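Trainee: Have a look at this one.
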Amino acid sequence: MIEHLPEDRPSAASVGLSRKDFISDQEVRWCPGCGDYAILAQMQKLLPTLGIPRERFVMISGIGCSSRFPYYVNTYGFHTIHGRAPAVATGVKAAQPELSVWVITGDGDGLSIGGNHLIHSLRRNVDVKILLFDNRIYGLTKGQYSPTSELGKRTKSSPMGTIEPPVHPVEVALGAEATFVARAVDTDMPHLGEVLLRAARHRGTAFVHILQNCPVFNNGAFASVRDRAQRLEHGLYLRHGEPLVFGKHQDLGIVLEGLAPKIVTITPDNRDRVLIHDEQASEPTLAFLLSRMTYPEFPIPLGIFRAIQKPTYERALIEQVEEARRQMAPDLTALLSGPEPWEVDRP
Amino acid sequence: MIEHLPEDRPSAASVGLSRKDFISDQEVRWCPGCGDYAILAQMQKLLPTLGIPRERFVMISGIGCSSRFPYYVNTYGFHTIHGRAPAVATGVKAAQPELSVWVITGDGDGLSIGGNHLIHSLRRNVDVKILLFDNRIYGLTKGQYSPTSELGKRTKSSPMGTIEPPVHPVEVALGAEATFVARAVDTDMPHLGEVLLRAARHRGTAFVHILQNCPVFNNGAFASVRDRAQRLEHGLYLRHGEPLVFGKHQDLGIVLEGLAPKIVTITPDNRDRVLIHDEQASEPTLAFLLSRMTYPEFPIPLGIFRAIQKPTYERALIEQVEEARRQMAPDLTALLSGPEPWEVDRP
Amino acid sequence: MPMPDAITSSKPTQELAAVTIRFAGDSGDGMQLTGERFAAVTALAGNDFQTLPDFPAEIRAPAGTLSGVSGFQIHLGSHRITTPGDRIDVLVAMNPAALKTAWPALKSGAMLILNDNTFTEADLKKASYESNPLDDGSLDTFDIRRLPMNRLTEEALAALPLSPKEKDRCKNFFVLGLVSWLYTRPIEPTQAWIEKKFSRSPELARANALAFEAGYRLAETSDLFPIRYVIPKAPIQPGRYRKITGNEAAALACVAAGQRAGKPVVFASYPITPASDILHELARHKQFDMRTIQAEDEIAAACAAIGASYAGSVGVTATSGPGLDLKTEAIGLAVMAELPLVVIDVQRGGPSTGLPTKTEQADLLQALHGRHGECPVVVLAASTPGDCFFTVYEACRLAIKYMTPVIVLSDAFLANGAEPWRIPDVAALPEFEIPQVSEQTSSTGFHPYARDAMTLARPWVPPGTPGLEHRIGGLEKEHVTGNVSYDPVNHETMVAYRAEKIQRVTADIPPLTIHGSPEGAVLVIGWGSTWGAITAAVEQAQQEGRAVSSLHVRHLHPLPCDLLEIARRFETIMVPELNTGHLQGLLQTRLLRKIHGLHKIQGQPFLQSEIYEAIARLT
Amino acid sequence: MPMPDAITSSKPTQELAAVTIRFAGDSGDGMQLTGERFAAVTALAGNDFQTLPDFPAEIRAPAGTLSGVSGFQIHLGSHRITTPGDRIDVLVAMNPAALKTAWPALKSGAMLILNDNTFTEADLKKASYESNPLDDGSLDTFDIRRLPMNRLTEEALAALPLSPKEKDRCKNFFVLGLVSWLYTRPIEPTQAWIEKKFSRSPELARANALAFEAGYRLAETSDLFPIRYVIPKAPIQPGRYRKITGNEAAALACVAAGQRAGKPVVFASYPITPASDILHELARHKQFDMRTIQAEDEIAAACAAIGASYAGSVGVTATSGPGLDLKTEAIGLAVMAELPLVVIDVQRGGPSTGLPTKTEQADLLQALHGRHGECPVVVLAASTPGDCFFTVYEACRLAIKYMTPVIVLSDAFLANGAEPWRIPDVAALPEFEIPQVSEQTSSTGFHPYARDAMTLARPWVPPGTPGLEHRIGGLEKEHVTGNVSYDPVNHETMVAYRAEKIQRVTADIPPLTIHGSPEGAVLVIGWGSTWGAITAAVEQAQQEGRAVSSLHVRHLHPLPCDLLEIARRFETIMVPELNTGHLQGLLQTRLLRKIHGLHKIQGQPFLQSEIYEAIARLT
Ligand SMILES: Cc1ncc(C[n+]2csc(CCOP(=O)(O)OP(=O)(O)O)c2C)c(N)n1
Ligand SMILES: Cc1ncc(C[n+]2csc(CCOP(=O)(O)OP(=O)(O)O)c2C)c(N)n1
Ligand code: SF4
Ligand code: SF4
Ligand SMILES: [Mg+2]
Ligand SMILES: [Mg+2]
């Protein structure tokens, strides 16, 4: 009755799937130049490679430009209500743990109205992949600031500049004890693909912070890492077991000064002090440190901040069902009768 | 029109206030032995000492046993709805920045249904004091697990044990970029008083995680630090600028091993390696590290994890009002007329 | 030494048709257990009954105070019993606060069995008595039986190696023994129960058994109780019975629905009084593939239930008023996505936090209209604790058959009240009909919004179904294809379809049963938990020859087809409701005539007498 | 070289009473600006008018496609204009998609001014045309004027050192010039506006001015336009006017309310179409001590507004359907706490996400009943863009006077539509009455729930007031003291007080105005944005001598006292609504007679003709 998780059984039905199997018949309606196109393309490239039959995929979104995503992917899809996609996804996984469930959300959808559901699905470690398209703006409602907009940013709803310091999405996810947290850039195709693959392979909630450009309402928000040249300079690629090195010539490194990160030009002297990335560290101290780095003081870390294994929520849920069955057979008549039934005879 | 913050002007009206001025005429209705009594007593002791006239205090709560708090304090009080107290408090501060606003919430109220409002008020740095009474259970609804209940805990709603790893409230607050985060224990009177005083003095959102016993539905949840003797052994008092030392004989210390904390018996050799507490550190790395320590692997840190200064939300809000006034006089007729009025003459 | 039983007793007996007894004491006195056990043996004695616990307000109050009183009322008789009793015939009061709390409900001349040990100055003060009612004459018109229950219990257990506190906690069994004697209840079942319950601690088993025996014996021997009462068996339909509360029944219905539908049930909920017990109950029945989720809030709970339905499980959520508010938007999504969803609303006193432990019926209009846009759902209401089973079961069945949210209205009174319930035959429960993909699919392609010709339901195609991948969502859908559509006429068409689909549910509503003459002077129309009081009052009036009939509506949206036609056959219609007139207004719009309302908004159920008097005024 | 004006033109003119023009093109074509400017000069020309922009659905679609079309319709005339026009007399279509989108609304024989440069194969395909409508005869019955607008604009600007793209973006001013000539609009205001608007980039100013002139000149010189039209001034009440949209008016009302109440306004909101512009507007007026909060969600927004009211500010929140769902629980809190709160609901097509940019009136029943428990609030509805000002202002006033939430219903049609608005005299706006602490306080102590004898409002005592410290909350309160109370009868009393308080608002409702005879055959009752279409249709019918009157309700709860009495004087009542009959049902319950409904649920406002035809069927 309870099926196994997809990874356990690379399905025959998944053989021969290709990118075009994941393109739906709906016209894509994002603005020309929107970063969402690139993410869609990467996903359509990734999904056929996962060994999962197409019908096992479910895309669940909230509301926002980003949340139109499910319409364009020819799998099962559910465009729900603002901020609630993780909650809907939890129900889907509870019902069918074997599905590959992807939540598509935005910085407003996922961090403003939906912040609580995000946190709780992370802490529960529901096996869903959450892709947060962060354009640091409300796109669909035409340009209000979001929880990731820079302090002081002038938008339609903050003509004098915002007065709210932004959240760091990766930090919030780590603070909620997420088991997988990563970041990628819409235009950085191969890397985005790599990160998405890792997310797909993770058992538990995988949170991917995707830096996405909204050319219409917030053009250039992530200029420092979107353009290839800039990215080589300002992006800090995280690779497990390797030192935190960046810069056009890969000559800059991150070291600790006390408990704060510091940029150094690498020399033979300080080479040893450069921090080594460890996505599996028992304590997410380093991940936290990286999560708070912002440009221009620091490079922007890209890649996998943390990836650890913990039991998943739906697996535990099903295990309790199985355990209960081991303890007691499901006898409906007995249940309805309760502990103290009595008979009333014909008078 | 816009008054100054209380601290700027220790009011004459506050002179001569005493504890009994803060006791309302309502019968206190918590269960005998409930930890809430001790917290109430500390607050009633603290408030008269703050140099703030009684009418300037406002206690705002959500729903839960803890949220009955406002009824018992003879100041202004508002017992609102489940989880929403921080949002109500934000409105209060926007309207009257000069009030001293305290939010009283529980682990369910503040971290389950109300988690998002909590996070957003922390990131905005609204100048309210949030006291979260954590009994790791839903008291008022008679004993379901809460987001802080231990994994595997059997409660009314988890007869086979919970399957949800708990959140660390302090970690969540830090992840939301809180400017003041502290922890205290209900029974640890002087320390609780000290922490509450510091919270009162902080400008910005002060988050205080108070470990509180619910003898009825979750007795002994914090046994390791509630009882004086145990506390001396298992409590780690955080003191700014001082080493992280604990234990009955203050002979144990916290050092770093890589980026993970480790307990050592202090020797002349390793004394230097014992971490020094810094509540004002530019990076909250240490605070994060401390926030994830749980008994019995580690001692329970008590005191102030972090206390930094940032502009407050309501101050910034009012500053924009003032700035706008400097730029343009508030002329209602001109506003109503808009940029392009025209006259229609008598025909 | 064998205990005396009904036959061996030396005292005379008197036959009674019915009696209402309330056990009341401090929260720590164990009166709920006394009541529960008394009800259990009452069932075995063959009487019909209804019970109603009356918990103290949310938080435990200091011992002995008025707010700490916990009561349990039972109404039992030799005829059909439909209410827990208007007025108390017999009060067992463990302390002055219990007496004071029960005071307004005492029948004149009621028997008061009082625990003498607690009528001390301190206890009287805690109960806000200015003078001792035992002395000041205020009880003169009652039939007083004073006993030092603490002392008697203590004495009975003197020989046992238990602490004084442990002994004291046995006095509820002393009371049970005493009242069991008084009403000639069988004793073996209680003895057996004690033995089983305390099997792990024989000391306590022995103590409680002794206390029980002591109470029984005391009544037999004491002059305070010169006669005992016999209540003949009620003419109950033969069968297998159990005692059930509304919340238990609602929970069991979820299990039964999943089993009969052949699907897992995902029950996602957030705790709230008085609905939490449904979650507690279901969390204990995981062996039925019952997957319970305690969500972070009510929004998440509703959304998780929707997600589960979307993925082919039976998605259910339960809550009370404030939680229903929060589920509003999600229910709208399920309406648009046309997914099954069952929302159980255990109504309590409102508005806002209101009176969380009290009963009310004031969420009806919200259930009908409380969503933005044209957003119709099915609304059902349960009429008795046992009926919560059938109503919730039916809700699950309709939700799936019509691919729609169904709101079930229960209330605090039903949720906690108990009655004997004839255990249904599992095989005889109605079948589930699962909306299928239509035959043409192969030729014309799959259309998620192609509707069944009869029910107008769209097919239920959960993810995982090969070849039928499709997308749904909260934006307006194009008829048949389900694509997003901004077309004006399509919108009107879809609004009409969604409304008509709900109307089609009338095909599943059985004809209404009229209690009494099928036409005439007065028709009392009720819904929900008022059934018991209405039925009792109408029967009382009918026995007096008054021209009154009644009918009870389970389906509040859509209304049964025959309702209006029946209503037109009566000169006067009265609708008693625990609100300001919700159904009254609905019927008035439909019938275009004045409907009499009877409104009570006190957090309490109707008394039989209140309805009876209203009928009497109209007949 | 001076431009030709109405007087110097050599071409003949023709007088028109009214005309409906739609400017339509791709989102990038700047048609909103063309429309806005045309409306501005129309105002100066002394005509009455109404405008309605028609934005594309939420996300920018690829250029040239149907979903990318942006339109702006204006109806102007020499008499009172109450709708943006049923059918299009003149369409300016910048591309085939614009033509296709406007198609269903074209009057037969309408003038089509088409941009020839875009009727290419590629553009036709994007607009899903299978053949070129210019060639296939499908436009034969229309009055076609083809111009290569891209090229003409380009030529006019040939000499300027701008990029081709920059030049192309001036073609909306070319259109404006052309249509300004055609309808003899004054030209100086446009020239002045261009100069001011582009003062920072003289190049662009010059380009736009040249394009404008080119369009004007082309019309004067081209044979395509043999005559021009004159629309005489409308008989407008003298005074100072401005053009205003519903959202602007709602925002200004918040400012005015704060100023007149002498209190800061805290406007807390979460963005949602079509309500967001109220927030945008208010965020620009901080100098009025306007404190805007963009909350994390609608729940927080409502709660922050409540907190602000509690602390003595005017607390306002604005949203649309899905957000109203979420505010439900908070509104209930404000009902129980008896605090002022204004909730503006800009209705859009529902249910669920529905049709976010389209209009509808289907939130009325939710506004009335969408909360658990007995939870009455005041509900008002605005009838025109300008009326949003008076309605929201009145909402603020009533909220404070009666210490209650007030829900204001606007809709997408009002929110974005614009009309000339007579600027009110600030000093003449109604006064605010602030509920005060009663005199007895000194002697009997302060009671937060002691009510004003007239209004039943409790006193508004914000924190910070010395000596009156008190606690409030969502649990049921004791009458007068405001202490938590579980007393049954007190609950009923308080439910009654809360209901009666809202009823007392009727004292503030002015007598209804009947448009037409005060009694007779048919009465059309409307509410909200249908006012314009109803008024136009009723006037049309009246002019034909039909026995029809109309009245429009601003106060939907409580209903005006005189409404029922007036209704009784008519034989037939019809209620046109953009829903399935919300007000219709309410009136039916009250009047106990059949009310005719006219329902349209297409995301579009009523056409005058639709209402007229319904009247004609009844008269
Ligand atoms: C309950 C509710 N509130 C508000 C909205 C309006 N709304 C739609 S999308 C959105 C924010 C979108 O921002 P984001 O999540 O960043 O997505 P983006 O459009 O930028 O991809 C808002 C406020 C809504 N649809 N529902
Ligand atoms: C909207 C809503 N949902 C649920 C409830 C029921 N409820 C009241 S308090 C509470 C949880 C209380 O737990 P906590 O915040 O930990 O407070 P405690 O009682 O333990 O102090 C719940 C679920 C409610 N009042 N309102
Ligand atoms: S508004 Fe921004 S985020 Fe939305 S589709 Fe357009 S470019 Fe993309
Ligand atoms: S239930 Fe627990 S938290 Fe609530 S009052 Fe009682 S002891 Fe305190
Ligand atoms: Mg965004
Ligand atoms: Mg708790």
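Note on naming: chains are A, B, ... as they come in the structure tokens, residues start from 1 per chain, ligands start from 1 in the order shown.
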Could you name the residues that touch range 152-164 of chain D at 9 Å or less, counting only C-alpha atoms, but leaving out those on the same chain fewer than 4 positions away, as a PyMOL selection string?
Mentor: chain D and resi 147-148+168-171+173-174+203-204+206-208+210-211+213-215+218
Trainee: Would you mind listing, as a PyMOL selection string, all residues of chain C that have at least one atom within 6 Å of chain A, where only C-alpha atoms are what counts?
Mentor: chain C and resi 238-242+286-289+300+303-305+307-308+311+313+463-466+469-474
Trainee: Restrict the selected residues to N, CA and C atoms and save them as an mmCIF file, in the first residue's frame.
Mentor:
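Final file, selection.cif:
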```
data_model
loop_
_atom_site.group_PDB
_atom_site.id
_atom_site.type_symbol
_atom_site.label_atom_id
_atom_site.label_comp_id
_atom_site.auth_asym_id
_atom_site.auth_seq_id
_atom_site.Cartn_x
_atom_site.Cartn_y
_atom_site.Cartn_z
ATOM 1 N N PRO C 238 -33.631 -2.924 19.455
ATOM 2 C CA PRO C 238 -32.607 -3.913 19.806
ATOM 3 C C PRO C 238 -31.349 -3.706 18.978
ATOM 4 N N GLY C 239 -30.248 -4.125 19.504
ATOM 5 C CA GLY C 239 -28.989 -3.997 18.761
ATOM 6 C C GLY C 239 -27.831 -3.816 19.708
ATOM 7 N N ARG C 240 -26.698 -3.571 19.069
ATOM 8 C CA ARG C 240 -25.486 -3.393 19.846
ATOM 9 C C ARG C 240 -25.281 -1.892 19.999
ATOM 10 N N TYR C 241 -25.015 -1.481 21.212
ATOM 11 C CA TYR C 241 -24.907 -0.051 21.506
ATOM 12 C C TYR C 241 -23.565 0.299 22.127
ATOM 13 N N ARG C 242 -23.250 1.550 22.078
ATOM 14 C CA ARG C 242 -22.140 2.083 22.858
ATOM 15 C C ARG C 242 -22.513 3.500 23.258
ATOM 16 N N LYS C 286 -4.099 5.164 14.013
ATOM 17 C CA LYS C 286 -3.278 5.185 12.808
ATOM 18 C C LYS C 286 -3.337 3.876 12.043
ATOM 19 N N GLN C 287 -3.683 2.805 12.732
ATOM 20 C CA GLN C 287 -3.712 1.507 12.032
ATOM 21 C C GLN C 287 -4.691 1.494 10.870
ATOM 22 N N PHE C 288 -5.607 2.447 10.866
ATOM 23 C CA PHE C 288 -6.556 2.529 9.747
ATOM 24 C C PHE C 288 -6.001 3.401 8.615
ATOM 25 N N ASP C 289 -4.703 3.536 8.553
ATOM 26 C CA ASP C 289 -4.065 4.437 7.593
ATOM 27 C C ASP C 289 -4.596 5.865 7.783
ATOM 28 N N ALA C 300 -2.717 26.369 7.468
ATOM 29 C CA ALA C 300 -1.899 25.243 7.024
ATOM 30 C C ALA C 300 -2.686 23.944 7.112
ATOM 31 N N CYS C 303 -4.973 23.819 4.204
ATOM 32 C CA CYS C 303 -4.195 23.641 2.975
ATOM 33 C C CYS C 303 -3.625 22.231 2.875
ATOM 34 N N ALA C 304 -3.182 21.693 3.991
ATOM 35 C CA ALA C 304 -2.661 20.326 3.967
ATOM 36 C C ALA C 304 -3.779 19.351 3.613
ATOM 37 N N ALA C 305 -4.959 19.587 4.143
ATOM 38 C CA ALA C 305 -6.092 18.712 3.810
ATOM 39 C C ALA C 305 -6.406 18.816 2.320
ATOM 40 N N GLY C 307 -4.228 19.653 -0.033
ATOM 41 C CA GLY C 307 -3.135 18.975 -0.721
ATOM 42 C C GLY C 307 -3.359 17.463 -0.717
ATOM 43 N N ALA C 308 -3.829 16.957 0.407
ATOM 44 C CA ALA C 308 -4.076 15.517 0.525
ATOM 45 C C ALA C 308 -5.199 15.086 -0.407
ATOM 46 N N ALA C 311 -4.075 14.923 -3.798
ATOM 47 C CA ALA C 311 -3.266 13.733 -4.040
ATOM 48 C C ALA C 311 -4.048 12.444 -3.789
ATOM 49 N N SER C 313 -6.231 11.413 -1.296
ATOM 50 C CA SER C 313 -6.688 10.950 0.006
ATOM 51 C C SER C 313 -7.977 11.673 0.377
ATOM 52 N N PRO C 463 -2.199 13.223 -8.775
ATOM 53 C CA PRO C 463 -0.853 13.063 -9.314
ATOM 54 C C PRO C 463 -0.422 11.614 -9.127
ATOM 55 N N GLY C 464 0.368 11.151 -10.036
ATOM 56 C CA GLY C 464 0.772 9.751 -9.998
ATOM 57 C C GLY C 464 0.016 8.953 -11.059
ATOM 58 N N THR C 465 -1.076 9.524 -11.549
ATOM 59 C CA THR C 465 -1.834 8.830 -12.597
ATOM 60 C C THR C 465 -1.140 9.058 -13.938
ATOM 61 N N PRO C 466 -0.667 8.008 -14.574
ATOM 62 C CA PRO C 466 0.092 8.219 -15.810
ATOM 63 C C PRO C 466 -0.799 8.732 -16.937
ATOM 64 N N GLU C 469 -1.509 14.022 -16.772
ATOM 65 C CA GLU C 469 -0.904 15.191 -16.149
ATOM 66 C C GLU C 469 -1.705 16.444 -16.511
ATOM 67 N N HIS C 470 -1.952 17.263 -15.544
ATOM 68 C CA HIS C 470 -2.692 18.506 -15.798
ATOM 69 C C HIS C 470 -2.416 19.481 -14.675
ATOM 70 N N ARG C 471 -2.827 20.732 -14.893
ATOM 71 C CA ARG C 471 -2.593 21.795 -13.918
ATOM 72 C C ARG C 471 -3.922 22.383 -13.480
ATOM 73 N N ILE C 472 -4.042 22.652 -12.175
ATOM 74 C CA ILE C 472 -5.227 23.345 -11.684
ATOM 75 C C ILE C 472 -4.769 24.506 -10.806
ATOM 76 N N GLY C 473 -5.720 25.296 -10.348
ATOM 77 C CA GLY C 473 -5.339 26.426 -9.505
ATOM 78 C C GLY C 473 -6.523 27.308 -9.187
ATOM 79 N N GLY C 474 -6.232 28.419 -8.531
ATOM 80 C CA GLY C 474 -7.286 29.283 -8.020
ATOM 81 C C GLY C 474 -7.786 30.335 -9.003
#
```
Trainee: Counting only C-alpha atoms and all ligand atoms, which protein, DNA or RNA residues come within 8 Å of ligand 5, given as a ChimeraX atom specification?
Mentor: /A:64-66,106-109,133-140,146,214
Trainee: At a cut-off of 7 Å, using only C-alpha atoms, what residues contact Tyr310 in chain D? Leave out same-chain residues fewer than 4 positions from it and give the result as a PyMOL selection string.
Mentor: (chain B and resi 92) or (chain D and resi 306+339+462)
Trainee: Give me a file of those residues, with all heavy atoms, as a compact mmCIF listing (two decimals), in the first residue's frame.
Mentor:
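Resulting contents of selection18.txt:
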```
# COMPACT_ATOMS: atom_id res chain seq x y z
N VAL B 92 0.29 49.51 17.55
CA VAL B 92 0.31 50.36 18.74
C VAL B 92 1.53 51.28 18.71
O VAL B 92 1.42 52.49 18.93
CB VAL B 92 0.31 49.50 20.03
CG1 VAL B 92 0.56 50.36 21.26
CG2 VAL B 92 -1.00 48.74 20.17
N ILE D 306 -5.76 47.54 13.96
CA ILE D 306 -6.48 47.45 15.23
C ILE D 306 -5.61 47.98 16.37
O ILE D 306 -6.08 48.73 17.22
CB ILE D 306 -6.90 45.98 15.51
CG1 ILE D 306 -8.01 45.57 14.53
CG2 ILE D 306 -7.36 45.79 16.94
CD1 ILE D 306 -8.34 44.08 14.56
N LEU D 339 -13.53 48.49 18.92
CA LEU D 339 -12.54 49.47 18.49
C LEU D 339 -12.88 49.91 17.07
O LEU D 339 -13.41 49.12 16.29
CB LEU D 339 -11.14 48.84 18.51
CG LEU D 339 -10.53 48.64 19.89
CD1 LEU D 339 -9.26 47.82 19.80
CD2 LEU D 339 -10.24 49.99 20.57
N PRO D 462 -7.26 55.52 24.82
CA PRO D 462 -6.01 54.87 24.40
C PRO D 462 -5.00 54.78 25.55
O PRO D 462 -5.04 55.60 26.48
CB PRO D 462 -5.46 55.79 23.31
CG PRO D 462 -6.47 56.86 23.09
CD PRO D 462 -7.42 56.85 24.24
```
Trainee: Neighbouring residues of ligand 4 are defined here as those with any atom at most 7 Å from a ligand atom, counting only C-alpha atoms and all ligand atoms; list them as a ChimeraX atom specification.
Mentor: /B:30-36,65-66,135,139-140,142,213-217 /C:59-60
Trainee: Could those selected residues go to a file with N, CA and C atoms, as a PDB file, in the first residue's frame?
Mentor:
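What landed in again39.pdb:
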```pdb
ATOM      1  N   TRP B  30      -4.230  31.022  36.917  1.00  0.00           N
ATOM      2  CA  TRP B  30      -3.395  29.913  36.459  1.00  0.00           C
ATOM      3  C   TRP B  30      -3.471  28.767  37.455  1.00  0.00           C
ATOM      4  N   CYS B  31      -3.073  27.588  37.032  1.00  0.00           N
ATOM      5  CA  CYS B  31      -3.082  26.437  37.919  1.00  0.00           C
ATOM      6  C   CYS B  31      -2.085  26.681  39.053  1.00  0.00           C
ATOM      7  N   PRO B  32      -2.372  26.084  40.186  1.00  0.00           N
ATOM      8  CA  PRO B  32      -1.407  26.172  41.282  1.00  0.00           C
ATOM      9  C   PRO B  32      -0.056  25.634  40.800  1.00  0.00           C
ATOM     10  N   GLY B  33       0.984  26.343  41.104  1.00  0.00           N
ATOM     11  CA  GLY B  33       2.325  25.863  40.751  1.00  0.00           C
ATOM     12  C   GLY B  33       2.776  26.236  39.356  1.00  0.00           C
ATOM     13  N   CYS B  34       1.952  26.912  38.619  1.00  0.00           N
ATOM     14  CA  CYS B  34       2.324  27.280  37.246  1.00  0.00           C
ATOM     15  C   CYS B  34       3.475  28.274  37.262  1.00  0.00           C
ATOM     16  N   GLY B  35       4.421  28.085  36.358  1.00  0.00           N
ATOM     17  CA  GLY B  35       5.570  28.977  36.272  1.00  0.00           C
ATOM     18  C   GLY B  35       5.199  30.412  35.919  1.00  0.00           C
ATOM     19  N   ASP B  36       4.020  30.602  35.367  1.00  0.00           N
ATOM     20  CA  ASP B  36       3.614  31.948  34.982  1.00  0.00           C
ATOM     21  C   ASP B  36       3.562  32.900  36.174  1.00  0.00           C
ATOM     22  N   CYS B  65      -2.443  30.113  27.952  1.00  0.00           N
ATOM     23  CA  CYS B  65      -2.410  30.398  29.391  1.00  0.00           C
ATOM     24  C   CYS B  65      -1.589  31.664  29.633  1.00  0.00           C
ATOM     25  N   SER B  66      -0.394  31.669  29.029  1.00  0.00           N
ATOM     26  CA  SER B  66       0.507  32.802  29.171  1.00  0.00           C
ATOM     27  C   SER B  66      -0.151  34.105  28.742  1.00  0.00           C
ATOM     28  N   ASN B 135       6.703  26.586  27.593  1.00  0.00           N
ATOM     29  CA  ASN B 135       6.507  25.402  28.437  1.00  0.00           C
ATOM     30  C   ASN B 135       6.525  24.121  27.603  1.00  0.00           C
ATOM     31  N   GLY B 139      -0.736  24.686  26.752  1.00  0.00           N
ATOM     32  CA  GLY B 139      -1.380  24.591  28.056  1.00  0.00           C
ATOM     33  C   GLY B 139      -2.886  24.790  27.962  1.00  0.00           C
ATOM     34  N   LEU B 140      -3.273  25.906  27.396  1.00  0.00           N
ATOM     35  CA  LEU B 140      -4.684  26.288  27.436  1.00  0.00           C
ATOM     36  C   LEU B 140      -5.585  25.266  26.759  1.00  0.00           C
ATOM     37  N   LYS B 142      -5.020  22.203  26.702  1.00  0.00           N
ATOM     38  CA  LYS B 142      -4.930  20.982  27.501  1.00  0.00           C
ATOM     39  C   LYS B 142      -4.032  19.893  26.945  1.00  0.00           C
ATOM     40  N   ASN B 213       7.610  26.346  33.530  1.00  0.00           N
ATOM     41  CA  ASN B 213       7.069  25.020  33.788  1.00  0.00           C
ATOM     42  C   ASN B 213       5.549  25.023  33.767  1.00  0.00           C
ATOM     43  N   CYS B 214       4.992  24.016  33.104  1.00  0.00           N
ATOM     44  CA  CYS B 214       3.544  23.768  33.160  1.00  0.00           C
ATOM     45  C   CYS B 214       3.372  22.489  33.964  1.00  0.00           C
ATOM     46  N   PRO B 215       3.118  22.623  35.250  1.00  0.00           N
ATOM     47  CA  PRO B 215       3.064  21.413  36.079  1.00  0.00           C
ATOM     48  C   PRO B 215       1.930  20.474  35.689  1.00  0.00           C
ATOM     49  N   VAL B 216       0.938  20.996  35.003  1.00  0.00           N
ATOM     50  CA  VAL B 216      -0.217  20.158  34.697  1.00  0.00           C
ATOM     51  C   VAL B 216      -0.013  19.308  33.456  1.00  0.00           C
ATOM     52  N   PHE B 217       0.507  19.918  32.397  1.00  0.00           N
ATOM     53  CA  PHE B 217       0.592  19.159  31.146  1.00  0.00           C
ATOM     54  C   PHE B 217       2.008  18.805  30.713  1.00  0.00           C
TER      55      PHE B 217
ATOM     56  N   ILE C  59      -8.720  27.478  32.161  1.00  0.00           N
ATOM     57  CA  ILE C  59      -7.562  27.207  32.997  1.00  0.00           C
ATOM     58  C   ILE C  59      -8.015  26.705  34.363  1.00  0.00           C
ATOM     59  N   ARG C  60      -7.227  25.848  34.931  1.00  0.00           N
ATOM     60  CA  ARG C  60      -7.572  25.328  36.245  1.00  0.00           C
ATOM     61  C   ARG C  60      -7.588  26.424  37.284  1.00  0.00           C
TER      62      ARG C  60
END
```
Trainee: Give me, please, the distance in Å between CA of Pro84 in chain C and CA of Cys388 in chain C, quoted to one decimal.
Mentor: 16.9 Å
